[in-house]
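This report refers to the structure that appears directly beneath it.
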Amino acid sequence: MEEFEEALRAGPDIVMLDEFSLADMRAAVARNNSNGHRVTVRASGSVTLETVRSVAETGVDCISIGSITKHVRAVELSMRLAFASRQQPTSNAR
């Protein structure tokens with residue numbers, strides 16, 4: 001929370017709450033709202049699809065979920081396309 005307060009004093013547009021507990025997120029949102037919602041507050045770090053609802057309920061403005069892209073498995077895929085023969089367009093212009 002000390003670093004959050006320091007960030008607010010610097011006057012940013014957005015502050016990322018990285019690895020904050022749910023209680024600390026709520027406190028940061030309340031502190032931000034007490035000054036008329038000065039900055040956008042984004043939650044990040046250890047957010048999963050299972051915890052995203054709890055994080056959203058803290059009142060943060062944005063949530064980053066890195067696991068959506070970090071743990072993706074590649075899929076081998078091939079396609080074969082067959083094209084019908086194309087007729088030349090006819091021109092009626094002279």
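Chain labels run A, B, ... following the order of the structure tokens; each chain numbers its residues from 1, and ligands are numbered from 1 in the order shown.
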
- Enumerate as a ChimeraX atom specification all residues of chain A assigned to helix (DSSP H, G or I) by DSSP on the backbone, naming them with the chain letters and numbers the document uses. /A:2-10,22-34,52-56,67-70

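Counting only C-alpha atoms, the residue from A:Ala82, A:Val75, A:Ala10, A:Ala27 that sits nearest to Thr58 in chain A is A:Ala27.
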
- Item | Residue among A:Asn32, A:Ser85, A:Ser21, A:Ser64 lying closest to Val52 in chain A, counting only C-alpha atoms | A:Ser64

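The nearest approach to Glu50 in chain A among the residues A:Glu76, A:His37, A:Ile65, A:Met25, with only C-alpha atoms taken into account, belongs to A:Ile65.
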
- Could you jot down the CA of Glu5 in chain A to CA of Leu49 in chain A separation for me, Å, one decimal place? 28.6 Å

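Considering only C-alpha atoms, the residue among A:Thr48, A:Ala30, A:Ala7, A:Thr40 positioned nearest to Cys62 in chain A is A:Thr40.
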
- Would you kindly return, as a list in words, each protein, DNA or RNA residue with an atom no farther than 10 Å from any atom of Gly66 in chain A, considering only C-alpha atoms and excluding same-chain residues fewer than 5 positions away? Ser44, Gly45, Ser46, Val47, Thr48 and His71 of chain A

- Message: Let me make sure I understand: among A:Leu22, A:Leu17, A:Ala56, A:Met79, which one has the smallest atom-to-atom distance to Glu3 in chain A if we use only C-alpha atoms?
- Response: A:Leu17

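Backbone DSSP of range 17-85 of chain A yields strand (DSSP E) at Leu17, Asp18, Thr40, Val41, Arg42, Ala43, Ser44, Cys62 and Ile63 of chain A.
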